[in-house]
Every structure is written in structure tokens, then in C-alpha cells.
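Have a look at final.cif below; it lists mmCIF, C-alpha atoms and all ligand atoms.
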data_start
loop_
_atom_site.label_atom_id
_atom_site.label_comp_id
_atom_site.auth_asym_id
_atom_site.auth_seq_id
_atom_site.Cartn_x
_atom_site.Cartn_y
_atom_site.Cartn_z
CA MET A 1 125.31 116.84 18.56
CA PRO A 2 127.91 114.09 19.08
CA ALA A 3 126.16 111.31 21.02
CA ILE A 4 125.91 107.61 21.76
CA HIS A 5 123.13 105.98 19.73
CA VAL A 6 121.39 102.62 20.19
CA HIS A 7 119.76 101.31 16.98
CA ALA A 8 118.87 97.82 18.33
CA PHE A 9 118.62 96.45 21.90
CA GLY A 10 121.47 94.10 22.77
CA PRO A 11 124.94 93.78 24.37
CA PRO A 12 127.16 96.79 25.20
CA SER A 13 128.52 96.77 21.61
CA VAL A 14 125.19 98.27 20.40
CA LEU A 15 126.31 101.56 22.00
CA THR A 16 127.78 103.40 19.00
CA TYR A 17 129.42 106.83 19.02
CA ASP A 18 128.14 109.23 16.36
CA PRO A 19 130.11 112.52 16.09
CA ALA A 20 127.62 114.16 13.68
CA PRO A 21 126.26 117.50 14.97
CA ILE A 22 122.46 117.70 15.51
CA THR A 23 120.64 120.86 16.61
CA LEU A 24 118.31 120.63 19.64
CA THR A 25 115.73 123.32 20.42
CA PRO A 26 114.14 123.53 23.88
CA GLY A 27 110.34 123.30 23.98
CA PRO A 28 108.07 125.05 26.54
CA ASN A 29 109.49 124.94 30.09
CA GLN A 30 112.56 122.99 28.87
CA ALA A 31 116.27 123.83 28.87
CA LEU A 32 119.09 123.00 26.46
CA ILE A 33 122.15 121.83 28.41
CA ARG A 34 125.78 121.68 27.24
CA LEU A 35 126.85 118.48 29.03
CA HIS A 36 130.37 118.02 30.45
CA ALA A 37 129.71 114.65 32.10
CA ALA A 38 127.07 111.90 32.14
CA GLY A 39 126.43 109.44 34.98
CA VAL A 40 126.11 105.71 34.21
CA ASN A 41 123.45 103.70 36.07
CA PRO A 42 122.59 99.97 36.10
CA VAL A 43 119.16 100.83 34.65
CA ASP A 44 120.91 102.16 31.50
CA THR A 45 122.21 98.61 30.92
CA TYR A 46 118.81 96.96 31.53
CA ILE A 47 117.21 99.32 28.98
CA ARG A 48 120.05 98.87 26.43
CA SER A 49 119.69 95.08 26.64
CA GLY A 50 115.91 95.33 26.05
CA GLN A 51 115.23 93.64 29.45
CA TYR A 52 113.23 96.41 31.11
CA ALA A 53 109.53 97.16 31.55
CA ARG A 54 109.81 100.69 30.09
CA LEU A 55 111.72 100.78 26.79
CA PRO A 56 112.29 103.83 24.57
CA SER A 57 111.56 103.70 20.86
CA LEU A 58 114.62 103.06 18.68
CA PRO A 59 116.99 104.65 17.93
CA TYR A 60 117.67 106.41 21.22
CA THR A 61 120.49 108.02 23.25
CA PRO A 62 120.88 106.47 26.75
CA GLY A 63 121.41 108.26 30.05
CA MET A 64 119.33 109.83 32.82
CA ASP A 65 122.08 111.67 34.71
CA GLY A 66 124.31 114.52 33.58
CA ALA A 67 125.94 117.83 34.49
CA GLY A 68 126.74 120.94 32.46
CA GLU A 69 125.65 124.53 31.73
CA VAL A 70 122.33 125.88 30.53
CA LEU A 71 122.69 127.11 26.92
CA ALA A 72 119.09 128.13 26.15
CA LEU A 73 115.64 128.17 27.74
CA GLY A 74 112.31 127.31 26.12
CA GLU A 75 109.21 129.47 26.17
CA GLY A 76 107.67 130.04 29.64
CA PHE A 77 110.59 128.43 31.53
CA LYS A 78 109.50 128.56 35.20
CA ARG A 79 112.59 128.27 37.41
CA PRO A 80 113.77 131.62 38.89
CA ASP A 81 116.96 129.92 40.18
CA ILE A 82 118.04 128.86 36.66
CA ALA A 83 119.15 131.14 33.77
CA VAL A 84 121.36 130.81 30.69
CA GLY A 85 124.85 129.99 32.02
CA THR A 86 123.68 128.31 35.27
CA LYS A 87 125.63 125.16 36.09
CA VAL A 88 123.24 122.29 36.73
CA TRP A 89 123.06 118.58 37.41
CA LEU A 90 120.03 116.83 36.03
CA CYS A 91 118.09 113.63 36.47
CA ARG A 92 115.74 112.35 33.70
CA SER A 93 116.70 114.06 30.45
CA ILE A 94 114.32 114.10 27.48
CA THR A 95 116.92 113.29 24.80
CA GLY A 96 119.50 111.21 26.78
CA THR A 97 122.68 112.33 28.56
CA TYR A 98 125.30 110.16 26.77
CA ALA A 99 125.85 113.17 24.49
CA THR A 100 127.42 116.62 24.36
CA HIS A 101 123.98 118.30 24.60
CA CYS A 102 120.54 117.33 25.90
CA LEU A 103 117.09 118.72 26.58
CA ALA A 104 115.52 118.49 30.06
CA ASP A 105 112.32 119.67 31.75
CA ALA A 106 112.66 122.45 34.33
CA LYS A 107 111.83 120.10 37.22
CA SER A 108 114.70 117.73 36.27
CA LEU A 109 117.38 120.40 36.85
CA CYS A 110 119.25 121.47 39.99
CA PRO A 111 121.86 124.26 40.19
CA PHE A 112 125.22 123.47 41.83
CA ASN A 113 128.36 125.36 42.80
CA PRO A 114 131.39 124.13 40.77
CA ASP A 115 133.68 125.35 43.57
CA GLN A 116 132.11 122.63 45.78
CA ILE A 117 131.80 119.65 43.42
CA SER A 118 133.22 118.89 39.95
CA TYR A 119 131.11 118.27 36.83
CA GLU A 120 131.98 114.57 37.13
CA GLN A 121 130.69 114.47 40.72
CA ALA A 122 127.58 116.43 39.74
CA ALA A 123 126.84 113.90 36.98
CA ALA A 124 127.01 111.15 39.63
CA VAL A 125 124.24 112.68 41.75
CA GLY A 126 120.81 112.25 40.08
CA VAL A 127 119.51 108.68 40.20
CA ALA A 128 121.72 107.62 43.12
CA TYR A 129 120.88 110.44 45.57
CA LEU A 130 117.19 110.82 44.68
CA THR A 131 116.70 107.05 45.02
CA ALA A 132 118.64 106.90 48.29
CA TRP A 133 116.61 109.74 49.83
CA ILE A 134 113.23 108.31 48.81
CA ALA A 135 114.21 104.79 50.00
CA LEU A 136 115.62 105.94 53.33
CA VAL A 137 113.49 108.94 54.30
CA LYS A 138 110.18 108.60 52.45
CA LYS A 139 109.80 104.81 52.43
CA ALA A 140 111.69 103.67 55.56
CA GLY A 141 111.09 106.86 57.62
CA ALA A 142 114.62 106.88 59.05
CA THR A 143 115.03 108.99 62.19
CA GLN A 144 117.91 110.03 64.42
CA GLY A 145 119.23 107.26 66.69
CA GLU A 146 118.05 104.34 64.53
CA THR A 147 120.42 101.71 63.16
CA VAL A 148 120.42 101.45 59.35
CA LEU A 149 121.96 98.66 57.29
CA ILE A 150 122.86 99.76 53.76
CA HIS A 151 123.06 96.34 52.12
CA GLY A 152 125.21 97.07 49.09
CA GLY A 153 126.81 100.24 50.45
CA SER A 154 129.71 100.47 47.99
CA GLY A 155 127.66 101.32 44.87
CA GLY A 156 126.18 104.60 43.69
CA VAL A 157 122.91 104.35 45.65
CA GLY A 158 124.61 102.76 48.66
CA LEU A 159 127.21 105.50 49.18
CA ALA A 160 124.49 108.15 48.80
CA ALA A 161 122.31 106.32 51.37
CA ILE A 162 125.24 106.11 53.81
CA GLN A 163 125.71 109.90 53.56
CA PHE A 164 121.98 110.67 54.05
CA ALA A 165 121.73 108.22 56.98
CA ARG A 166 124.72 109.81 58.67
CA GLN A 167 123.27 113.29 58.07
CA ILE A 168 120.02 112.18 59.79
CA GLY A 169 121.98 110.90 62.81
CA CYS A 170 121.56 107.14 62.35
CA THR A 171 124.12 104.51 63.24
CA VAL A 172 125.18 103.25 59.82
CA ILE A 173 126.30 99.72 58.96
CA ALA A 174 127.19 99.16 55.30
CA THR A 175 128.16 96.09 53.30
CA ALA A 176 130.52 95.66 50.35
CA GLY A 177 132.18 92.74 48.62
CA THR A 178 135.80 93.97 48.43
CA GLU A 179 138.35 95.66 50.69
CA ALA A 180 138.24 98.79 48.48
CA GLY A 181 134.43 98.89 48.74
CA LEU A 182 134.51 98.43 52.53
CA HIS A 183 137.07 101.23 52.83
CA GLN A 184 134.93 103.56 50.68
CA CYS A 185 131.85 102.84 52.86
CA ILE A 186 133.78 103.97 55.96
CA MET A 187 135.22 107.02 54.15
CA SER A 188 131.67 108.02 53.12
CA GLY A 189 130.44 107.92 56.73
CA ALA A 190 129.50 104.34 57.71
CA ASP A 191 130.22 103.49 61.35
CA TYR A 192 130.86 99.83 60.45
CA ALA A 193 131.50 97.97 57.19
CA VAL A 194 130.94 94.22 56.73
CA ASN A 195 131.77 91.99 53.73
CA HIS A 196 128.59 90.51 52.23
CA ARG A 197 130.66 87.78 50.56
CA GLU A 198 131.77 86.28 53.91
CA ALA A 199 129.75 83.19 54.88
CA ASP A 200 128.91 84.35 58.44
CA TYR A 201 128.46 88.06 57.79
CA GLU A 202 125.00 88.12 59.41
CA ARG A 203 126.52 87.01 62.73
CA LYS A 204 128.90 90.00 62.57
CA LEU A 205 126.04 92.34 61.71
CA LEU A 206 123.86 91.13 64.58
CA GLY A 207 126.81 91.49 66.95
CA LEU A 208 127.08 95.15 65.95
CA THR A 209 123.45 95.69 67.02
CA ASP A 210 123.56 93.80 70.36
CA GLN A 211 121.62 90.99 68.60
CA LYS A 212 118.59 93.31 68.08
CA GLY A 213 119.12 93.67 64.31
CA PRO A 214 119.00 96.89 62.27
CA ASP A 215 115.85 99.03 62.45
CA ILE A 216 116.08 99.66 58.71
CA ILE A 217 117.61 97.73 55.81
CA ILE A 218 118.08 99.43 52.43
CA GLU A 219 118.46 96.41 50.12
CA MET A 220 120.32 96.52 46.77
CA LEU A 221 120.03 92.80 45.90
CA ALA A 222 116.76 91.45 47.32
CA ASN A 223 116.72 88.22 45.30
CA VAL A 224 119.86 87.15 47.21
CA ASN A 225 119.25 88.73 50.62
CA LEU A 226 115.55 89.23 51.44
CA ALA A 227 115.07 86.01 53.48
CA ARG A 228 118.19 86.78 55.54
CA ASP A 229 117.12 90.43 55.93
CA MET A 230 113.83 89.25 57.42
CA ALA A 231 115.74 87.07 59.87
CA MET A 232 118.02 89.98 60.87
CA ILE A 233 115.62 92.94 61.00
CA ALA A 234 114.70 94.39 64.42
CA GLN A 235 111.18 94.32 65.90
CA ARG A 236 109.00 96.77 63.94
CA GLY A 237 111.84 97.14 61.44
CA ARG A 238 111.49 98.32 57.83
CA ILE A 239 113.13 96.83 54.76
CA THR A 240 113.13 98.93 51.56
CA ILE A 241 113.90 97.06 48.35
CA VAL A 242 115.87 99.24 45.93
CA GLY A 243 117.55 96.58 43.79
CA ASN A 244 116.46 93.09 42.67
CA ARG A 245 117.71 90.86 39.86
CA GLY A 246 115.66 87.66 40.17
CA GLU A 247 113.35 85.58 42.38
CA ILE A 248 113.59 84.39 45.99
CA THR A 249 111.53 82.20 48.32
CA ILE A 250 110.58 83.76 51.66
CA ASN A 251 108.43 82.72 54.63
CA PRO A 252 106.12 85.68 55.46
CA ARG A 253 105.82 84.39 59.06
CA GLY A 254 109.19 86.05 59.71
CA LEU A 255 107.55 89.45 59.14
CA MET A 256 104.53 88.63 61.34
CA ALA A 257 106.75 87.58 64.24
CA LYS A 258 108.48 90.98 64.17
CA ASP A 259 105.71 93.32 63.00
CA ALA A 260 108.18 94.15 60.24
CA THR A 261 107.47 95.82 56.89
CA VAL A 262 108.91 95.17 53.45
CA THR A 263 108.37 97.89 50.88
CA GLY A 264 109.62 98.39 47.33
CA MET A 265 110.34 101.61 45.47
CA SER A 266 111.12 102.78 41.97
CA LEU A 267 112.38 106.27 41.24
CA PHE A 268 110.20 106.22 38.11
CA ASN A 269 107.13 106.15 40.42
CA ALA A 270 108.11 109.22 42.48
CA THR A 271 105.38 111.85 42.73
CA ASP A 272 106.25 115.44 41.80
CA LEU A 273 106.35 116.26 45.54
CA GLU A 274 108.68 113.34 46.40
CA TRP A 275 110.90 114.32 43.48
CA ALA A 276 111.08 117.95 44.59
CA LEU A 277 111.74 117.03 48.25
CA ALA A 278 114.50 114.58 47.26
CA MET A 279 116.07 117.20 44.98
CA ARG A 280 115.94 119.84 47.71
CA ALA A 281 117.49 117.51 50.33
CA THR A 282 120.25 116.62 47.84
CA ARG A 283 120.89 120.24 46.82
CA ASP A 284 121.13 121.31 50.48
CA GLY A 285 123.40 118.41 51.46
CA LEU A 286 125.75 119.17 48.57
CA ALA A 287 125.82 122.87 49.48
CA HIS A 288 126.55 122.11 53.17
CA GLY A 289 129.15 119.47 52.31
CA THR A 290 127.36 116.62 54.13
CA LEU A 291 126.88 114.89 50.76
CA ASN A 292 129.96 114.18 48.65
CA PRO A 293 129.46 112.11 45.45
CA VAL A 294 132.13 109.46 44.90
CA VAL A 295 133.34 108.92 41.31
CA ARG A 296 135.36 105.72 40.82
CA ASP A 297 136.09 105.94 37.07
CA VAL A 298 135.80 108.59 34.33
CA LEU A 299 135.72 107.27 30.74
CA PRO A 300 135.46 109.16 27.43
CA LEU A 301 131.93 109.29 25.97
CA ALA A 302 133.00 107.07 23.07
CA GLN A 303 133.78 104.29 25.61
CA ALA A 304 130.20 103.95 26.85
CA ALA A 305 130.27 100.22 26.04
CA ALA A 306 133.23 99.70 28.40
CA ALA A 307 131.35 101.64 31.10
CA HIS A 308 128.35 99.30 30.69
CA ASP A 309 130.63 96.26 31.05
CA LEU A 310 132.27 97.75 34.15
CA ILE A 311 129.09 98.68 36.03
CA MET A 312 127.80 95.10 35.92
CA GLN A 313 130.98 93.70 37.52
CA ASP A 314 131.45 93.11 41.27
CA GLY A 315 133.73 95.44 43.19
CA SER A 316 131.83 98.73 43.25
CA ARG A 317 133.32 101.76 44.96
CA GLY A 318 131.31 104.69 43.62
CA LYS A 319 129.93 105.89 40.32
CA ILE A 320 131.14 105.52 36.75
CA VAL A 321 130.97 108.73 34.71
CA LEU A 322 131.39 109.51 31.00
CA LYS A 323 133.24 112.69 30.02
CA CYS A 324 131.22 114.46 27.32
CA ASP A 325 133.63 117.31 26.34
P1 LIG B 1 126.09 99.80 41.60
O1 LIG B 1 126.77 101.11 41.73
O2 LIG B 1 126.44 98.91 40.47
O3 LIG B 1 126.28 99.01 43.00
C1 LIG B 1 125.81 97.70 43.19
C2 LIG B 1 125.87 97.41 44.68
O4 LIG B 1 125.32 96.10 44.96
C3 LIG B 1 127.32 97.39 45.18
O5 LIG B 1 127.39 98.00 46.44
C4 LIG B 1 127.59 95.90 45.29
O6 LIG B 1 128.63 95.59 46.19
C5 LIG B 1 126.25 95.46 45.82
N1 LIG B 1 126.12 94.00 45.88
C6 LIG B 1 126.67 93.06 45.07
N2 LIG B 1 126.40 91.84 45.56
C7 LIG B 1 125.68 92.02 46.70
C8 LIG B 1 125.12 91.13 47.68
N3 LIG B 1 125.23 89.81 47.58
N4 LIG B 1 124.47 91.67 48.73
C9 LIG B 1 124.34 93.03 48.86
N5 LIG B 1 124.83 93.91 47.97
C10 LIG B 1 125.50 93.39 46.91
O7 LIG B 1 124.50 100.01 41.50
P2 LIG B 1 123.60 101.16 42.18
O8 LIG B 1 123.43 102.27 41.24
O9 LIG B 1 124.11 101.42 43.55
O10 LIG B 1 122.20 100.40 42.27
C11 LIG B 1 122.04 99.29 43.16
C12 LIG B 1 120.84 98.46 42.71
O11 LIG B 1 119.66 99.24 42.84
C13 LIG B 1 120.91 98.02 41.23
O12 LIG B 1 120.32 96.75 41.10
C14 LIG B 1 120.05 99.07 40.53
O13 LIG B 1 119.49 98.58 39.34
C15 LIG B 1 119.01 99.35 41.58
N6 LIG B 1 118.43 100.70 41.52
C16 LIG B 1 117.09 100.81 41.71
C17 LIG B 1 116.50 102.04 41.72
C18 LIG B 1 115.04 102.15 42.01
O14 LIG B 1 114.42 103.16 41.66
N7 LIG B 1 114.44 101.13 42.67
C19 LIG B 1 117.25 103.20 41.47
C20 LIG B 1 118.64 103.06 41.29
C21 LIG B 1 119.22 101.79 41.33
P3 LIG B 1 130.08 95.01 45.73
O15 LIG B 1 130.26 95.38 44.29
O16 LIG B 1 131.03 95.69 46.66
O17 LIG B 1 129.97 93.54 45.95
#

Kindly present the structure from the file in C-alpha cells form.
Ligand code: NAP
Amino acid sequence: MPAIHVHAFGPPSVLTYDPAPITLTPGPNQALIRLHAAGVNPVDTYIRSGQYARLPSLPYTPGMDGAGEVLALGEGFKRPDIAVGTKVWLCRSITGTYATHCLADAKSLCPFNPDQISYEQAAAVGVAYLTAWIALVKKAGATQGETVLIHGGSGGVGLAAIQFARQIGCTVIATAGTEAGLHQCIMSGADYAVNHREADYERKLLGLTDQKGPDIIIEMLANVNLARDMAMIAQRGRITIVGNRGEITINPRGLMAKDATVTGMSLFNATDLEWALAMRATRDGLAHGTLNPVVRDVLPLAQAAAAHDLIMQDGSRGKIVLKCD
């Protein structure tokens, strides 16, 4: 199967396109998928560079997210809603999604209606929406009427979190670092959008909450923002750390004074139940049209290295997707 291969961890240039066909056979309770699109996530770049706690053995094909059609089912496949020909998005493939074909376990698959979203949008769903739901609903316990700050709203997880928070009935404040990102946050359902690169952005944020602060902060860059989040959060507020790229000094007294909670999450740690609930919430939201994945750029599969360069640059406004046809 034509695919991207990584033979040594390193810079984006280690992502090499190999057109040679390879045959994949689904094992028990697995499916073989013909992929039309693959979603690119920051974690793909951490793994490729070798700077991640969980590394695959070399060589490997990157990619957790993808969308396509089921070509074959393995022995004892246990999903009555999925048959040969079903169009699915998937999260966590066995063989990697930067390819024309992949294998995935039954629980990693979710059917979708191609009249409602495109293959490119479906490939943008997995990591972003499952992470956003677990961070917002399971970890922060968001409920109707609360004010939620999506700190880093313009990226894949952020736009998904904005859409879930709006669906729940929260007041949604989102941040971005560019005009295009701020605009996309509003278009995806945020009530307010604030530029996190402006020096006094916290003052603006507090003004939007009558100085009480947000009840919930979903944080995409904790090493930069956690101390300021603790200063801004409302009494009994909850901060969920989704993204972090370094260290930060904080004074825990700030949490005591507010009875506030800081919690972290990793999608890799999700229990089977959390995974299934997040998938169901995402499937239902896509079917009802309350969730609408935003794709900023579609690149050919052979340009995976360019996609890895792009995703690490500032100026997010949705997901980057590789076209696998
Ligand atoms: P992405 O699409 O690349 O988006 C990155 C986001 O971070 C953008 O909204 C960006 O805004 C924002 N950002 C940049 N500087 C910021 C700052 N100073 N303050 C607040 N936000 C800032 O990435 P993603 O897929 O949304 O993922 C976001 C983060 O969560 C990444 O670090 C990723 O590795 C992590 N993540 C964790 C999990 C998990 O299981 N814990 C799962 C998925 C992702 P601008 O570009 O507009 O400045």
C-alpha cells in the first residue's frame, strides 16, 4: 500500500513517501479501511521527532486519524453498525493513517454520512473531538449556563471544544493569535474571541465575565498560561490541561484561595467507557449538525513533511489533512 514511512526519528524530512503496494489482512475484530484522507495532529510531530513518551518501533507509518470505506472485516468483527462498504472515520489505527489503506480495531471506528461531512472533514474528527469532549465534559464537568474559556480556540482541539461547549449551553470565550483564528472561533460558535498575543488580554477576558473569571478553562499551552489561568479562574473553577510544551512556575496558593482545581488529561489514558461516550457524543453531534469540523488545508499524502512544518507554526484556524487518494 502506498504510505509514508519513518525509518529514523528526526525532522520532517524523515517522512518519506513509498508508493510500493503492500497487502494488509484484518485480524480478529479488525477492519481494513481504504483511506481517502488522514488527519494531522501535533502528537504525530512529537512522535516523528523521537520526543515522546510512547514511541513506535521503526520503521513505522504515522497517523492516528483517518476517513474512508471499510474494505474487509476480520474474523468475529463485533460492530452491527459497520459492514463492508460503510464509510467511517477512525481514531487510533493499528498500521498508521498516512497511507492509502490501514487496519483498525472495531472500537476505533465510527460510521458517518458523506452527505453531511466530506472525507477531509471526517479525517479531522478523531483526536480533536474525542480530546475536546473528555477535557470539557468528563474532566471539567461543563454544564449549561457556565462560562468556558477555550484557551487556544483556533486549533483542532480548540474549535471542537468551542462546538461542544456551545452545544451544552455554555457561554464560550475563545482565544487565538491571529485575526483569521479569531474569526474562525466566532464562526465555530464562540460568543467572544480574544487575542492571546495582546499584552492585556486577561483584562479583556475578565471584563467579559463581570470580573468573576471563567468557570472552566480548557488550556492548550499550560507552560505559558497556567499561572495566569489560576489568577483568572472563578471561585470553584476547573482548569483542564490539554496541551503543554515545557515548564512553568506557579504558586499553589492561588488554587487554595479559590477552591479551584487543575486537572490534566491524555487521550491515550481514556478508558473504554470514556472512549465510547466521546465517540457517541461526536457521532451524534455530527449527525445533528451541531459539530462541524473545520479543515484549513488539504495537502497530498506525499507532502506529509510540509504538513508537519505547517502544524507547528502559529496562526491555526482548523485542521490540516492529507489526501490519500
Ligand atoms: P493546533 O491545531 O496546532 O492548535 C494549537 C492551538 O494553540 C492554536 O489554537 C494556537 O493558537 C494555540 N496557541 C498558540 N499559542 C498560544 C498561547 N500563548 N496561549 C494559548 N493558546 C495558544 O493543535 P491542537 O490539535 O488543537 O492541540 C492543541 C495542543 O493540545 C497541542 O499542544 C497538542 O499537542 C495537545 N493535545 C493534547 C491531547 C491530549 O490528549 N492531552 C490531545 C490532542 C492535542 P494560534 O495559532 O491562533 O496562536

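Take the candidates A:Leu277, A:Leu291, A:Val125, A:Met232 and check each one against ligand LIG 1 (chain B) using all atoms listed in the file; the shortest distance goes to A:Val125.
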
Non-local contacts of Leu299 (chain A) (8 Å; all atoms listed in the file; under 4 positions in same chain excluded) as a ChimeraX atom specification: /A:303-304,307,320-323

Using C-alpha atoms, can you write the selected residues to a file as an mmCIF file, in the coordinates of the input?
data_model
loop_
_atom_site.group_PDB
_atom_site.id
_atom_site.type_symbol
_atom_site.label_atom_id
_atom_site.label_comp_id
_atom_site.auth_asym_id
_atom_site.auth_seq_id
_atom_site.Cartn_x
_atom_site.Cartn_y
_atom_site.Cartn_z
ATOM 1 C CA GLN A 303 133.780 104.290 25.610
ATOM 2 C CA ALA A 304 130.200 103.950 26.850
ATOM 3 C CA ALA A 307 131.350 101.640 31.100
ATOM 4 C CA ILE A 320 131.140 105.520 36.750
ATOM 5 C CA VAL A 321 130.970 108.730 34.710
ATOM 6 C CA LEU A 322 131.390 109.510 31.000
ATOM 7 C CA LYS A 323 133.240 112.690 30.020
#

I'd like the box whose edges run along x, y and z of the file and which contains every listed atom of ligand LIG 1 (chain B), padded by 5 Å per side; could you state its centre and edge lengths in Å, one decimal, as AutoDock Vina command-line options?
--center_x 122.7 --center_y 96.5 --center_z 44.1 --size_x 26.6 --size_y 23.4 --size_z 19.5

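Residues surrounding Gly237 (chain A) within 8 Å are Pro214, Asp215, Ile216, Ile233, Lys258, Asp259, Ala260 and Thr261 of chain A [all atoms listed in the file; sequence separation below 4 positions excluded].
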
Which residues, protein or nucleic acid, reach to within 8 Å of (115.3, 124.2, 26.9) in the file's coordinates when using only C-alpha atoms, and can you give that as JSON, numbers by chain?
{"A": [25, 26, 27, 28, 29, 30, 31, 32, 33, 71, 72, 73, 74, 77, 103, 104, 105]}

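Proximity ranking of A:Val157, A:Ile186, A:Leu109, A:Ile217 relative to Ala142 (chain A) places A:Ile217 first, based on all atoms listed in the file.
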
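The nearest approach to Ala123 (chain A) among the residues A:His288, A:Arg54, A:His36, A:Arg317, with only C-alpha atoms taken into account, belongs to A:His36.
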
In terms of only C-alpha atoms and all ligand atoms, the residue from A:Gly318, A:Gly169, A:Pro252, A:Gly39 at minimal distance from ligand LIG 1 (chain B) is A:Gly318

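In this structure, atom C4 of ligand LIG 1 (chain B) sits 16.9 Å away from CA of Leu205 (chain A).
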
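Note that CA of Ala140 (chain A) and CA of Trp275 (chain A) are 16.1 Å apart.
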
Check your understanding: Which polymer residues have any atom within 9 Å of an atom of Ile47 (chain A), counting only C-alpha atoms, with same-chain residues fewer than 6 positions away left out, as a ChimeraX atom specification?
Key -> /A:9,53-56,62

Could you write out the selected residues, including C-alpha atoms, as an mmCIF file, keeping the file's coordinate frame?
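Output saved as result39.cif:
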data_model
loop_
_atom_site.group_PDB
_atom_site.id
_atom_site.type_symbol
_atom_site.label_atom_id
_atom_site.label_comp_id
_atom_site.auth_asym_id
_atom_site.auth_seq_id
_atom_site.Cartn_x
_atom_site.Cartn_y
_atom_site.Cartn_z
ATOM 1 C CA PHE A 9 118.620 96.450 21.900
ATOM 2 C CA ALA A 53 109.530 97.160 31.550
ATOM 3 C CA ARG A 54 109.810 100.690 30.090
ATOM 4 C CA LEU A 55 111.720 100.780 26.790
ATOM 5 C CA PRO A 56 112.290 103.830 24.570
ATOM 6 C CA PRO A 62 120.880 106.470 26.750
#
